[in-house]
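With TSV, C-alpha atoms inside, this is protein_25.tsv:
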```tsv
chain	number	residue	atom	x	y	z
N	1	MET	CA	-8.01	-24.29	-3.14
N	2	PRO	CA	-10.95	-24.51	-0.68
N	3	HIS	CA	-11.08	-23.20	2.87
N	4	ALA	CA	-8.37	-24.85	5.00
N	5	PRO	CA	-8.70	-25.62	8.71
N	6	ARG	CA	-7.94	-22.84	11.17
N	7	PRO	CA	-4.22	-22.94	11.96
N	8	SER	CA	-3.51	-24.15	15.48
N	9	ASP	CA	-2.10	-21.76	18.04
N	10	ASP	CA	1.16	-23.71	17.85
N	11	ALA	CA	1.25	-23.30	14.06
N	12	LEU	CA	0.75	-19.55	14.36
N	13	ALA	CA	3.50	-19.36	16.99
N	14	ASP	CA	5.85	-21.39	14.77
N	15	LEU	CA	5.13	-19.10	11.81
N	16	LEU	CA	5.89	-15.97	13.84
N	17	GLU	CA	9.10	-17.52	15.16
N	18	ARG	CA	10.20	-18.37	11.64
N	19	LEU	CA	9.50	-14.83	10.42
N	20	VAL	CA	11.37	-13.25	13.34
N	21	ASN	CA	14.40	-15.46	12.66
N	22	ILE	CA	14.67	-14.14	9.09
N	23	PRO	CA	16.68	-10.88	9.25
N	24	SER	CA	14.76	-8.09	7.51
N	25	VAL	CA	16.18	-4.75	8.54
N	26	SER	CA	14.97	-2.00	6.22
N	27	ARG	CA	16.49	-2.42	2.72
N	28	GLN	CA	17.39	-6.05	3.55
N	29	GLU	CA	13.96	-7.64	3.14
N	30	GLN	CA	14.70	-9.92	0.16
N	31	ALA	CA	14.84	-13.19	2.12
N	32	ILE	CA	11.57	-12.66	3.98
N	33	ALA	CA	9.86	-11.44	0.80
N	34	ASP	CA	11.02	-14.63	-0.96
N	35	LEU	CA	9.53	-16.79	1.80
N	36	ILE	CA	6.20	-14.96	1.75
N	37	ALA	CA	5.98	-15.12	-2.04
N	38	ALA	CA	6.78	-18.85	-2.06
N	39	ARG	CA	4.06	-19.60	0.47
N	40	LEU	CA	1.53	-17.50	-1.41
N	41	GLU	CA	2.43	-19.26	-4.68
N	42	ALA	CA	1.97	-22.61	-2.94
N	43	ARG	CA	-1.50	-21.50	-1.89
N	44	GLY	CA	-2.54	-21.96	-5.50
N	45	THR	CA	-5.28	-19.33	-5.51
N	46	GLY	CA	-4.97	-15.74	-6.62
N	47	GLU	CA	-2.13	-13.79	-8.15
N	48	VAL	CA	1.27	-13.14	-6.54
N	49	ILE	CA	2.94	-9.90	-7.61
N	50	ARG	CA	6.53	-8.90	-6.79
N	51	ILE	CA	7.39	-5.20	-6.65
N	52	ASN	CA	11.04	-4.86	-5.63
N	53	ARG	CA	11.09	-6.24	-2.06
N	54	SER	CA	7.31	-6.01	-1.59
N	55	VAL	CA	4.84	-8.83	-2.24
N	56	VAL	CA	1.19	-8.33	-3.21
N	57	TRP	CA	-1.39	-11.11	-3.26
N	58	ARG	CA	-4.61	-10.52	-5.14
N	59	GLY	CA	-7.51	-12.92	-4.77
N	60	PRO	CA	-9.91	-13.73	-7.61
N	61	LYS	CA	-11.70	-10.67	-9.02
N	62	ARG	CA	-15.46	-11.09	-8.55
N	63	LYS	CA	-16.62	-7.45	-8.58
N	64	LYS	CA	-17.16	-7.55	-4.81
N	65	PRO	CA	-16.02	-4.70	-2.49
N	66	LEU	CA	-12.24	-4.96	-2.11
N	67	VAL	CA	-10.74	-5.34	1.38
N	68	VAL	CA	-6.95	-5.01	1.65
N	69	LEU	CA	-4.84	-6.43	4.50
N	70	VAL	CA	-1.61	-4.48	4.93
N	71	GLY	CA	1.64	-5.09	6.81
N	72	HIS	CA	5.30	-4.13	6.57
N	73	ILE	CA	7.96	-6.83	6.61
N	74	ASP	CA	10.99	-4.77	7.66
N	75	THR	CA	12.37	-4.05	11.12
N	76	VAL	CA	14.63	-1.53	12.80
N	77	ARG	CA	18.24	-2.51	13.47
N	78	PRO	CA	18.86	-5.35	15.95
N	79	GLN	CA	19.77	-4.73	19.57
N	80	GLY	CA	20.98	-8.20	20.47
N	81	ASN	CA	17.47	-9.55	19.87
N	82	GLU	CA	17.90	-11.13	16.42
N	83	VAL	CA	17.05	-14.71	17.51
N	84	ALA	CA	13.51	-15.49	18.65
N	85	ARG	CA	12.84	-17.26	21.90
N	86	ARG	CA	9.69	-18.19	23.82
N	87	GLU	CA	9.15	-17.35	27.44
N	88	ASP	CA	6.03	-17.22	29.64
N	89	GLY	CA	3.64	-17.36	26.68
N	90	ASN	CA	5.45	-14.62	24.75
N	91	LEU	CA	7.64	-14.70	21.68
N	92	ILE	CA	10.61	-12.41	22.25
N	93	GLY	CA	12.64	-11.07	19.35
N	94	LEU	CA	13.22	-8.31	16.83
N	95	GLY	CA	10.03	-7.41	14.98
N	96	SER	CA	7.85	-9.77	17.01
N	97	SER	CA	5.33	-7.01	17.76
N	98	ASP	CA	6.32	-4.48	15.10
N	99	MET	CA	5.05	-6.07	13.01
N	100	LYS	CA	5.81	-9.67	12.15
N	101	ALA	CA	2.96	-10.82	14.38
N	102	GLY	CA	0.59	-8.95	12.08
N	103	VAL	CA	2.36	-10.35	9.01
N	104	ALA	CA	2.01	-13.90	10.39
N	105	VAL	CA	-1.74	-13.41	10.84
N	106	MET	CA	-2.06	-11.94	7.32
N	107	LEU	CA	-0.20	-14.87	5.82
N	108	ALA	CA	-2.29	-17.39	7.78
N	109	LEU	CA	-5.52	-15.75	6.61
N	110	VAL	CA	-4.53	-15.89	2.94
N	111	GLU	CA	-3.34	-19.50	3.30
N	112	THR	CA	-6.53	-20.76	4.93
N	113	LEU	CA	-9.54	-18.71	3.79
N	114	ASP	CA	-11.26	-19.55	0.52
N	115	PRO	CA	-11.45	-16.19	-1.30
N	116	LEU	CA	-14.28	-17.49	-3.49
N	117	GLU	CA	-16.52	-17.89	-0.45
N	118	LEU	CA	-15.94	-14.42	1.01
N	119	PRO	CA	-18.45	-11.58	0.60
N	120	TYR	CA	-15.47	-9.35	-0.31
N	121	ASP	CA	-12.68	-9.47	-2.84
N	122	LEU	CA	-9.49	-9.81	-0.84
N	123	ALA	CA	-5.93	-8.60	-1.30
N	124	ALA	CA	-2.86	-8.53	0.94
N	125	VAL	CA	0.15	-6.21	0.73
N	126	PHE	CA	3.42	-7.24	2.42
N	127	TYR	CA	5.68	-4.25	1.90
N	128	ASP	CA	9.22	-3.14	2.59
N	129	GLY	CA	10.82	0.05	3.85
N	130	GLU	CA	8.31	1.25	6.46
N	131	GLU	CA	10.98	1.75	9.12
N	132	GLY	CA	13.15	3.87	6.81
N	133	PRO	CA	12.70	7.35	5.31
N	134	PRO	CA	9.27	8.07	3.74
N	135	GLU	CA	10.65	8.25	0.21
N	136	ARG	CA	11.73	4.58	0.43
N	137	ASN	CA	8.41	3.30	1.79
N	138	GLY	CA	7.38	0.25	-0.22
N	139	LEU	CA	3.66	0.83	0.18
N	140	ARG	CA	4.04	4.19	-1.50
N	141	ARG	CA	5.59	2.40	-4.48
N	142	VAL	CA	2.95	-0.36	-4.51
N	143	LEU	CA	0.04	2.10	-4.49
N	144	ARG	CA	1.62	4.03	-7.33
N	145	ARG	CA	2.15	0.96	-9.52
N	146	LYS	CA	-0.97	-1.07	-8.72
N	147	ARG	CA	-3.71	1.47	-9.09
N	148	TRP	CA	-6.45	-1.10	-8.62
N	149	LEU	CA	-5.60	-0.96	-4.90
N	150	ARG	CA	-6.82	2.64	-4.92
N	151	LYS	CA	-10.35	1.31	-5.53
N	152	ALA	CA	-10.39	-0.60	-2.24
N	153	ARG	CA	-13.48	-0.28	-0.07
N	154	LEU	CA	-11.44	-0.75	3.13
N	155	ALA	CA	-7.83	-1.21	4.26
N	156	ILE	CA	-6.89	-2.93	7.52
N	157	VAL	CA	-3.32	-2.21	8.62
N	158	LEU	CA	-2.10	-4.86	11.07
N	159	GLU	CA	0.20	-2.53	13.02
N	160	PRO	CA	0.50	-3.40	16.73
N	161	THR	CA	-2.61	-2.37	18.69
N	162	ASP	CA	-2.86	-5.19	21.29
N	163	LEU	CA	-6.13	-6.29	19.61
N	164	GLY	CA	-7.68	-2.84	19.85
N	165	VAL	CA	-9.08	-0.91	16.90
N	166	GLU	CA	-7.02	2.26	16.52
N	167	MET	CA	-8.43	4.87	14.19
N	168	GLY	CA	-6.55	7.36	12.03
N	169	CYS	CA	-3.13	8.48	13.18
N	170	ASN	CA	-1.30	11.63	14.16
N	171	GLY	CA	0.60	13.49	11.48
N	172	SER	CA	4.34	14.00	11.83
N	173	VAL	CA	6.73	16.72	10.75
N	174	ASN	CA	10.44	17.31	11.36
N	175	LEU	CA	11.56	20.93	11.35
N	176	GLU	CA	15.19	22.07	11.41
N	177	ILE	CA	15.77	25.41	13.10
N	178	THR	CA	19.07	27.21	12.67
N	179	VAL	CA	19.91	29.62	15.49
N	180	PRO	CA	22.43	32.19	14.19
N	181	GLY	CA	25.55	33.34	16.03
N	182	ARG	CA	29.06	34.55	15.22
N	183	SER	CA	32.24	32.59	15.86
N	184	GLY	CA	34.87	33.91	18.24
N	185	HIS	CA	37.61	32.71	20.59
N	186	ALA	CA	36.25	31.12	23.77
N	187	ALA	CA	38.83	33.12	25.77
N	188	ARG	CA	37.34	36.36	24.41
N	189	PRO	CA	33.60	35.60	24.04
N	190	TRP	CA	32.78	39.31	23.58
N	191	THR	CA	34.32	39.09	20.10
N	192	GLY	CA	31.61	36.75	18.90
N	193	VAL	CA	28.00	35.67	19.52
N	194	ASN	CA	27.46	32.23	21.02
N	195	ALA	CA	24.58	30.60	19.11
N	196	VAL	CA	23.85	28.27	22.03
N	197	ARG	CA	23.47	31.22	24.39
N	198	VAL	CA	21.20	32.95	21.86
N	199	GLY	CA	18.98	29.88	21.54
N	200	ALA	CA	18.94	28.72	25.18
N	201	GLU	CA	15.99	30.82	26.30
N	202	TRP	CA	13.99	29.85	23.22
N	203	LEU	CA	14.78	26.15	23.78
N	204	ALA	CA	13.43	26.38	27.32
N	205	ALA	CA	10.25	28.04	26.05
N	206	ILE	CA	9.73	25.38	23.36
N	207	GLN	CA	9.78	22.70	26.04
N	208	HIS	CA	6.77	24.39	27.61
N	209	ALA	CA	4.93	25.24	24.40
N	210	ALA	CA	1.21	24.68	24.68
N	211	VAL	CA	0.25	21.25	23.40
N	212	LYS	CA	-3.16	19.76	23.82
N	213	THR	CA	-5.36	16.71	23.51
N	214	VAL	CA	-7.84	16.95	20.66
N	215	GLU	CA	-10.97	14.85	20.18
N	216	VAL	CA	-11.90	13.69	16.68
N	217	GLN	CA	-15.12	11.65	16.37
N	218	GLY	CA	-14.95	11.16	20.12
N	219	LEU	CA	-11.38	9.77	20.11
N	220	ALA	CA	-8.47	11.49	21.84
N	221	PHE	CA	-5.25	12.41	20.00
N	222	ARG	CA	-2.31	13.93	21.91
N	223	GLU	CA	-0.29	16.66	20.26
N	224	THR	CA	3.46	16.70	20.98
N	225	LEU	CA	6.39	19.00	20.19
N	226	GLU	CA	9.83	17.67	21.13
N	227	ILE	CA	13.49	18.57	20.60
N	228	THR	CA	15.02	15.40	19.15
N	229	ARG	CA	18.41	16.59	17.84
N	230	LEU	CA	20.75	19.39	18.88
N	231	ARG	CA	24.07	20.23	17.28
N	232	ALA	CA	26.46	23.16	17.70
N	233	GLY	CA	30.15	23.94	17.45
N	234	ASN	CA	33.11	22.31	15.71
N	235	ALA	CA	35.95	23.03	18.15
N	236	ARG	CA	36.32	23.09	21.94
N	237	ASN	CA	37.71	26.64	22.05
N	238	VAL	CA	35.50	28.36	19.45
N	239	LEU	CA	32.09	29.92	20.03
N	240	PRO	CA	29.56	28.12	17.79
N	241	ASP	CA	28.36	30.37	14.99
N	242	ARG	CA	25.12	28.42	14.66
N	243	MET	CA	23.04	25.83	16.48
N	244	LEU	CA	20.88	23.30	14.63
N	245	VAL	CA	17.74	22.08	16.38
N	246	ASN	CA	15.36	19.38	15.12
N	247	LEU	CA	11.79	19.73	16.31
N	248	ASN	CA	9.57	16.68	15.93
N	249	HIS	CA	5.91	17.67	15.94
N	250	ARG	CA	3.10	15.11	16.14
N	251	PHE	CA	-0.25	16.66	15.40
N	252	PRO	CA	-3.84	15.40	15.48
N	253	PRO	CA	-5.97	14.71	12.40
N	254	ASP	CA	-7.97	17.91	12.93
N	255	ARG	CA	-5.48	19.89	10.82
N	256	THR	CA	-3.44	19.66	7.65
N	257	LEU	CA	0.31	19.29	7.40
N	258	GLU	CA	0.54	22.90	6.25
N	259	GLU	CA	-1.47	24.13	9.24
N	260	ALA	CA	0.74	22.16	11.62
N	261	VAL	CA	3.91	23.63	10.12
N	262	GLN	CA	2.50	27.15	10.39
N	263	ARG	CA	1.64	26.63	14.06
N	264	VAL	CA	5.25	25.73	14.89
N	265	ARG	CA	6.60	28.53	12.69
N	266	GLU	CA	4.78	31.01	14.90
N	267	LEU	CA	6.81	29.73	17.88
N	268	VAL	CA	10.16	30.40	16.19
N	269	PRO	CA	11.78	33.87	16.18
N	270	PRO	CA	11.82	35.36	12.67
N	271	GLU	CA	15.61	35.78	12.71
N	272	PHE	CA	16.06	32.00	13.04
N	273	VAL	CA	16.17	29.92	9.83
N	274	PHE	CA	13.16	27.60	9.59
N	275	GLU	CA	13.21	24.54	7.28
N	276	VAL	CA	10.80	21.61	6.86
N	277	ARG	CA	12.94	18.46	6.63
N	278	SER	CA	10.17	15.85	6.31
N	279	GLY	CA	6.46	15.59	6.88
N	280	SER	CA	3.60	13.12	6.74
N	281	PRO	CA	-0.08	14.07	6.88
N	282	PRO	CA	-2.33	12.54	9.56
N	283	GLY	CA	-4.64	9.62	8.91
N	284	ARG	CA	-8.34	10.46	8.73
N	285	VAL	CA	-10.54	9.01	11.46
N	286	CYS	CA	-13.08	6.72	9.77
N	287	LEU	CA	-15.21	5.71	12.74
N	288	ASP	CA	-18.27	7.06	10.95
N	289	ASP	CA	-17.90	4.55	8.09
N	290	PRO	CA	-20.52	1.73	8.25
N	291	LEU	CA	-18.02	-1.02	7.38
N	292	VAL	CA	-15.60	0.22	10.03
N	293	GLN	CA	-18.41	0.35	12.59
N	294	ASP	CA	-19.31	-3.23	11.69
N	295	PHE	CA	-15.73	-4.40	12.31
N	296	VAL	CA	-15.58	-2.54	15.62
N	297	ARG	CA	-18.70	-4.34	16.80
N	298	ALA	CA	-17.38	-7.71	15.61
N	299	SER	CA	-13.96	-7.28	17.24
N	300	GLY	CA	-15.29	-6.43	20.68
N	301	GLY	CA	-12.02	-4.59	21.34
N	302	ARG	CA	-11.32	-1.13	22.65
N	303	VAL	CA	-11.42	1.75	20.21
N	304	ALA	CA	-8.84	4.55	20.38
N	305	GLY	CA	-6.97	7.09	18.29
N	306	LYS	CA	-3.55	6.06	16.92
N	307	GLN	CA	-0.90	8.24	18.54
N	308	GLY	CA	1.96	7.30	16.22
N	309	TRP	CA	2.03	7.68	12.43
N	310	THR	CA	1.11	4.64	10.35
N	311	ASP	CA	0.40	3.92	6.69
N	312	VAL	CA	-3.31	4.22	7.41
N	313	ALA	CA	-2.66	7.82	6.34
N	314	ARG	CA	-1.67	6.71	2.82
N	315	PHE	CA	-5.05	5.05	2.34
N	316	THR	CA	-7.23	7.76	3.88
N	317	GLU	CA	-5.40	10.37	1.78
N	318	LEU	CA	-6.72	8.43	-1.25
N	319	GLY	CA	-10.24	8.45	0.19
N	320	ILE	CA	-10.09	4.80	1.32
N	321	PRO	CA	-11.42	4.12	4.85
N	322	ALA	CA	-8.72	2.43	6.94
N	323	PHE	CA	-7.79	1.58	10.51
N	324	ASN	CA	-5.13	-0.22	12.55
N	325	TYR	CA	-5.80	-3.64	14.11
N	326	GLY	CA	-3.08	-6.09	15.05
N	327	PRO	CA	-1.79	-8.59	17.63
N	328	GLY	CA	1.45	-6.81	18.55
N	329	LEU	CA	2.00	-4.48	21.50
N	330	VAL	CA	2.61	-0.84	20.61
N	331	GLU	CA	4.69	-0.22	23.74
N	332	MET	CA	7.13	-2.93	22.62
N	333	CYS	CA	8.01	-1.28	19.30
N	334	HIS	CA	11.75	-0.71	18.69
N	335	ARG	CA	12.77	-2.04	22.13
N	336	ALA	CA	15.60	-4.46	22.82
N	337	ASP	CA	13.20	-6.62	24.86
N	338	GLU	CA	10.45	-6.55	22.21
N	339	TYR	CA	7.91	-9.36	22.49
N	340	CYS	CA	4.41	-10.36	21.42
N	341	PRO	CA	1.94	-12.45	23.46
N	342	LEU	CA	1.43	-15.63	21.47
N	343	ALA	CA	-2.21	-15.83	22.51
N	344	ASN	CA	-2.87	-12.60	20.57
N	345	LEU	CA	-2.13	-14.33	17.27
N	346	GLY	CA	-5.09	-16.70	17.48
N	347	VAL	CA	-7.44	-13.97	18.68
N	348	ALA	CA	-6.47	-11.65	15.80
N	349	TYR	CA	-6.83	-14.48	13.28
N	350	ASP	CA	-10.29	-15.44	14.61
N	351	VAL	CA	-11.58	-11.85	14.66
N	352	LEU	CA	-10.40	-11.09	11.13
N	353	ALA	CA	-11.40	-14.45	9.68
N	354	GLY	CA	-14.82	-14.29	11.29
N	355	TRP	CA	-15.48	-10.77	10.05
N	356	LEU	CA	-14.22	-11.45	6.52
N	357	GLN	CA	-16.35	-14.59	6.23
N	358	ARG	CA	-19.49	-13.09	7.72
N	359	GLY	CA	-19.55	-9.85	5.74
```
Once you've parsed the file, please lay out its structure as structure tokens.
Amino acid sequence: MPHAPRPSDDALADLLERLVNIPSVSRQEQAIADLIAARLEARGTGEVIRINRSVVWRGPKRKKPLVVLVGHIDTVRPQGNEVARREDGNLIGLGSSDMKAGVAVMLALVETLDPLELPYDLAAVFYDGEEGPPERNGLRRVLRRKRWLRKARLAIVLEPTDLGVEMGCNGSVNLEITVPGRSGHAARPWTGVNAVRVGAEWLAAIQHAAVKTVEVQGLAFRETLEITRLRAGNARNVLPDRMLVNLNHRFPPDRTLEEAVQRVRELVPPEFVFEVRSGSPPGRVCLDDPLVQDFVRASGGRVAGKQGWTDVARFTELGIPAFNYGPGLVEMCHRADEYCPLANLGVAYDVLAGWLQRG
């Protein structure tokens, strides 16, 4: 099928509204995957591949450098925002920014561009499970099964960036610390050791642990270390014999996951039990890559480091340059009042289409 006309702004808005109105909480993405697959099949060009609840579209293979567009189709749980509505030029609703706006642009690009006229081979991955635990991430599964994706020259992840180009991403690790104590009757506390009392001073110190802003290829990444869960005790009149603390550490792409874990370990007393519960390495900053530089110039948008973790890291870990660029707003992610400016859809489409066609 040849190049189709650019979709109107109204058509892009209608597509996003339709996607938002299809429930797709993590592990419940079948309906939205079916819609995407049906539209890609109707396109009549390229190959449509189903992998569980993920959908991969692969354009004709012409031995050109492969560019992959990437977006997750799942959302977090609803907060009374399941039904889309339009207001003041925004589309409000669950997943509107994170990241069905990016998915709408991806789908529109595949439906309208002629892959035979592009200077690149093109593929698109619409995957499930990003909002759930890492082991259920659909992109992880797709990259394992479709190894041709590992030969990509570039991956563009359409996570929300408000039309900026956000490079790399911070790594993330969750650490569970067990503070030991000894149970005893609350009326006679001297007969036991209150784990909360033991850990209180350390908890206060952790809140003031030295964190810093690191520059990588001229872009700033903020390190964070936060207490995100705290649990102790199983009765109102018994001293807790242990306290469980979850530390969430976000660390810049100037260090490995192992180095980040070791840094936090040094802040924990040796008598406390230290366990890594989950971890994801940071995404490499690829601002020095010529193709990335070319996109940055073409986009005209701001360039920054990605503070949160994204699946850019899965590609850079494989040696594939990647970055985040999308129409959604990062500050709207996971909020009950989540929205996306509708005008951003057309801008993102035009930037990506123009760059893909120009080469």
### Task
Considering all atoms listed in the file, state which residue in the set N:Ala298, N:Leu267, N:Asp254, N:Arg188 is at the smallest distance from N:Ala210.
N:Leu267
### Residue contacts of N:Val103 (10 Å, only C-alpha atoms) excluding same-chain residues fewer than 5 positions away, as a PyMOL selection string
chain N and resi 15-16+19+36+69-73+96-98+108-109+124-127+157-159+326-327
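Taking atom CA of N:Met106 and atom CA of N:Pro282 as endpoints, the distance between them is 24.6 Å.
Going from atom CA of N:Arg284 over to atom CA of N:Pro321, you cover 8.0 Å.
Between N:Pro290 and the candidates N:Arg236, N:Lys64, N:His208, N:Arg153, the tightest atom-to-atom separation, counting only C-alpha atoms, involves N:Arg153.
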### Residue list as a ChimeraX atom specification for point (-2.8, -17.6, 8.8), cut-off 10 Å, all atoms listed in the file
/N:4-8,11-12,15,102-113,345-346,348-350,353
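One finds atom CA of N:Gly59 at 6.8 Å from atom CA of N:Thr45.
Of the residues under consideration (N:Leu219, N:Asp241, N:Ala304, N:Glu47), N:Glu47 shows the shortest atom-to-atom contact distance to N:Pro115 when counting all atoms listed in the file.
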